[in-house]
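Colleague: Below: one structure in structure tokens.
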Amino acid sequence: MPGKTYHLVSRCVGRTFRLVPLKAVNLILWYCLAVALSLTGVEIHEFCFMSNHVHLMVTDTRGELPKFMNRLNSLASRCLNALRRWSGTNFERDYTRIEELE
């Protein structure tokens with residue numbers, strides 16, 4: 001829904017520690033977040049990358065939240081796989097979405 005604010009949680013597959021705070025991993029996650037935001041118009045208020053999941057507080061200005069999450073997780077997965085010479089997904093398919101009351 002356009003204009004709604006959400007708290008999102010996206011978890012790594014199997015709750016594995018794929019987002020450990022290494023410099024290269026941090027740069028990848030910042031880059032992927034910036035790209036996903038710029039392509040979808042989602043506005044970010046807060047974020048926290050933990051070792052095995054991500055917390056985001058966003059406003060979906062154009063109703064493109066699923067596209068945003070797909071872009072973020074897909075691009076981050078491809079970049080992390082290139083860094084580690086792995087293949088496959090790094091994030092669970094579904095994410096938790098809690099609509100914030102105004």
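All residue names refer to the structure tokens as shown: chains lettered A, B, ... in order, residues numbered from 1 in each chain, ligands numbered from 1 in order.
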Run DSSP on the backbone and give me the residues of region 30-99 of chain A it puts in strand (DSSP E), as number ranges by chain.

Modeller: A: 43-49, 53-60, 96-99

Colleague: When DSSP works through the backbone of this structure, what residues of chain A end up as helix (DSSP H, G or I), shown as a PyMOL selection string?

Modeller: chain A and resi 13-15+23-40+65-84

Colleague: From the set A:Ile28, A:Leu39, A:Lys4, A:Gly14, which residue has the shortest atom-to-atom contact distance to Arg93 (chain A), counting only C-alpha atoms?

Modeller: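 Closest to Arg93 (chain A) of all the choices is A:Gly14.
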
Colleague: Between A:Asn73, A:Asn26, A:Cys79, A:Thr61, which residue has the minimum interatomic distance to Met1 (chain A), considering only C-alpha atoms?

Modeller: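 Smallest separation from Met1 (chain A) among the options: A:Thr61.
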
Colleague: So which residues touch Leu101 (chain A) within 9 Å, counting only C-alpha atoms, skipping near sequence neighbours fewer than 2 positions away, as a PyMOL selection string?

Modeller: chain A and resi 4-6+99

Colleague: Keeping N, CA, C and O atoms, export the residues of the selection given above as a CSV table (one decimal), in the first residue's frame.

Modeller:
chain,number,residue,atom,x,y,z
A,4,LYS,N,2.4,3.7,3.3
A,4,LYS,CA,2.4,2.9,4.5
A,4,LYS,C,3.9,2.7,5.0
A,4,LYS,O,4.8,2.6,4.2
A,5,THR,N,4.0,2.7,6.3
A,5,THR,CA,5.3,2.5,7.0
A,5,THR,C,5.3,1.1,7.6
A,5,THR,O,4.4,0.7,8.2
A,6,TYR,N,6.5,0.4,7.4
A,6,TYR,CA,6.6,-1.0,7.8
A,6,TYR,C,7.9,-1.2,8.5
A,6,TYR,O,8.9,-0.6,8.2
A,99,GLU,N,3.0,-3.7,9.7
A,99,GLU,CA,2.6,-2.3,9.4
A,99,GLU,C,2.6,-1.5,10.6
A,99,GLU,O,2.0,-1.9,11.7

Colleague: Determine, counting only C-alpha atoms, which protein, DNA and RNA residues have an atom within 10 Å of an atom of Glu92 (chain A); residues of the same chain fewer than 5 positions away are not included. Present the result as a PyMOL selection string.

Modeller: chain A and resi 10-15+53+73

Colleague: Create the file for the chosen residues now, containing all heavy atoms and written as a PDB file, in the first residue's frame.

Modeller:
ATOM      1  N   SER A  10      14.234  -9.556   7.358  1.00  0.00           N
ATOM      2  CA  SER A  10      14.608 -10.555   6.367  1.00  0.00           C
ATOM      3  C   SER A  10      15.718 -11.410   6.963  1.00  0.00           C
ATOM      4  O   SER A  10      16.741 -10.885   7.408  1.00  0.00           O
ATOM      5  CB  SER A  10      15.085  -9.863   5.087  1.00  0.00           C
ATOM      6  OG  SER A  10      15.384 -10.799   4.093  1.00  0.00           O
ATOM      7  N   ARG A  11      15.498 -12.727   6.976  1.00  0.00           N
ATOM      8  CA  ARG A  11      16.442 -13.635   7.631  1.00  0.00           C
ATOM      9  C   ARG A  11      17.294 -14.396   6.623  1.00  0.00           C
ATOM     10  O   ARG A  11      16.847 -14.701   5.528  1.00  0.00           O
ATOM     11  CB  ARG A  11      15.682 -14.629   8.492  1.00  0.00           C
ATOM     12  CG  ARG A  11      14.852 -13.958   9.565  1.00  0.00           C
ATOM     13  CD  ARG A  11      14.260 -14.965  10.532  1.00  0.00           C
ATOM     14  NE  ARG A  11      13.300 -14.368  11.437  1.00  0.00           N
ATOM     15  CZ  ARG A  11      13.558 -13.490  12.381  1.00  0.00           C
ATOM     16  NH1 ARG A  11      14.788 -13.086  12.565  1.00  0.00           N
ATOM     17  NH2 ARG A  11      12.608 -13.003  13.155  1.00  0.00           N
ATOM     18  N   CYS A  12      18.510 -14.715   7.020  1.00  0.00           N
ATOM     19  CA  CYS A  12      19.380 -15.548   6.201  1.00  0.00           C
ATOM     20  C   CYS A  12      18.891 -16.992   6.245  1.00  0.00           C
ATOM     21  O   CYS A  12      18.301 -17.425   7.236  1.00  0.00           O
ATOM     22  CB  CYS A  12      20.823 -15.483   6.703  1.00  0.00           C
ATOM     23  SG  CYS A  12      21.565 -13.867   6.516  1.00  0.00           S
ATOM     24  N   VAL A  13      19.122 -17.731   5.160  1.00  0.00           N
ATOM     25  CA  VAL A  13      18.680 -19.118   5.099  1.00  0.00           C
ATOM     26  C   VAL A  13      19.275 -19.908   6.253  1.00  0.00           C
ATOM     27  O   VAL A  13      20.456 -19.765   6.583  1.00  0.00           O
ATOM     28  CB  VAL A  13      19.044 -19.786   3.754  1.00  0.00           C
ATOM     29  CG1 VAL A  13      18.232 -19.210   2.622  1.00  0.00           C
ATOM     30  CG2 VAL A  13      20.511 -19.705   3.457  1.00  0.00           C
ATOM     31  N   GLY A  14      18.432 -20.701   6.883  1.00  0.00           N
ATOM     32  CA  GLY A  14      18.883 -21.537   7.983  1.00  0.00           C
ATOM     33  C   GLY A  14      19.408 -20.768   9.173  1.00  0.00           C
ATOM     34  O   GLY A  14      20.101 -21.328  10.012  1.00  0.00           O
ATOM     35  N   ARG A  15      19.109 -19.470   9.230  1.00  0.00           N
ATOM     36  CA  ARG A  15      19.588 -18.601  10.316  1.00  0.00           C
ATOM     37  C   ARG A  15      21.117 -18.603  10.405  1.00  0.00           C
ATOM     38  O   ARG A  15      21.707 -18.402  11.459  1.00  0.00           O
ATOM     39  CB  ARG A  15      19.006 -19.003  11.674  1.00  0.00           C
ATOM     40  CG  ARG A  15      17.509 -19.153  11.737  1.00  0.00           C
ATOM     41  CD  ARG A  15      16.822 -17.803  11.673  1.00  0.00           C
ATOM     42  NE  ARG A  15      15.476 -17.823  12.208  1.00  0.00           N
ATOM     43  CZ  ARG A  15      14.383 -18.014  11.495  1.00  0.00           C
ATOM     44  NH1 ARG A  15      14.478 -18.247  10.199  1.00  0.00           N
ATOM     45  NH2 ARG A  15      13.202 -17.978  12.045  1.00  0.00           N
ATOM     46  N   HIS A  53      20.324 -11.678  10.049  1.00  0.00           N
ATOM     47  CA  HIS A  53      19.067 -11.087   9.591  1.00  0.00           C
ATOM     48  C   HIS A  53      19.212  -9.568   9.476  1.00  0.00           C
ATOM     49  O   HIS A  53      20.205  -8.995   9.909  1.00  0.00           O
ATOM     50  CB  HIS A  53      17.904 -11.447  10.516  1.00  0.00           C
ATOM     51  CG  HIS A  53      18.016 -10.910  11.903  1.00  0.00           C
ATOM     52  ND1 HIS A  53      18.882 -11.429  12.849  1.00  0.00           N
ATOM     53  CD2 HIS A  53      17.375  -9.880  12.511  1.00  0.00           C
ATOM     54  CE1 HIS A  53      18.758 -10.754  13.979  1.00  0.00           C
ATOM     55  NE2 HIS A  53      17.855  -9.793  13.793  1.00  0.00           N
ATOM     56  N   ASN A  73      17.410  -8.277  -1.603  1.00  0.00           N
ATOM     57  CA  ASN A  73      17.886  -9.629  -1.283  1.00  0.00           C
ATOM     58  C   ASN A  73      18.574 -10.297  -2.465  1.00  0.00           C
ATOM     59  O   ASN A  73      19.584 -10.993  -2.297  1.00  0.00           O
ATOM     60  CB  ASN A  73      16.734 -10.495  -0.777  1.00  0.00           C
ATOM     61  CG  ASN A  73      16.279 -10.086   0.604  1.00  0.00           C
ATOM     62  OD1 ASN A  73      16.955  -9.344   1.304  1.00  0.00           O
ATOM     63  ND2 ASN A  73      15.121 -10.560   1.010  1.00  0.00           N
TER      64      ASN A  73
END

Colleague: Hey, what's within 12 Å of Ile44 (chain A) if we count only C-alpha atoms and toss same-chain stuff fewer than 3 positions away? As JSON, numbers by chain, please?

Modeller: {"A": [4, 5, 6, 7, 8, 33, 34, 36, 37, 38, 40, 41, 47, 48, 55, 56, 57, 58, 59, 60, 61, 65, 68]}

Colleague: In Å, rounded to a single decimal, give me how far CA of Met69 (chain A) is from CA of Tyr95 (chain A).

Modeller: 8.4 Å

Colleague: Return the single residue from A:Arg78, A:Arg97, A:Thr89, A:Val25 that is closest to Met50 (chain A), with distances computed using only C-alpha atoms.

Modeller: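 With only C-alpha atoms as the atom set, the closest residue is A:Val25.
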
Colleague: If I take CA of Glu64 (chain A) and CA of Phe91 (chain A), how far is one from the other in Å, to one decimal?

Modeller: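 Calculated distance between CA of Glu64 (chain A) and CA of Phe91 (chain A) is 19.1 Å.
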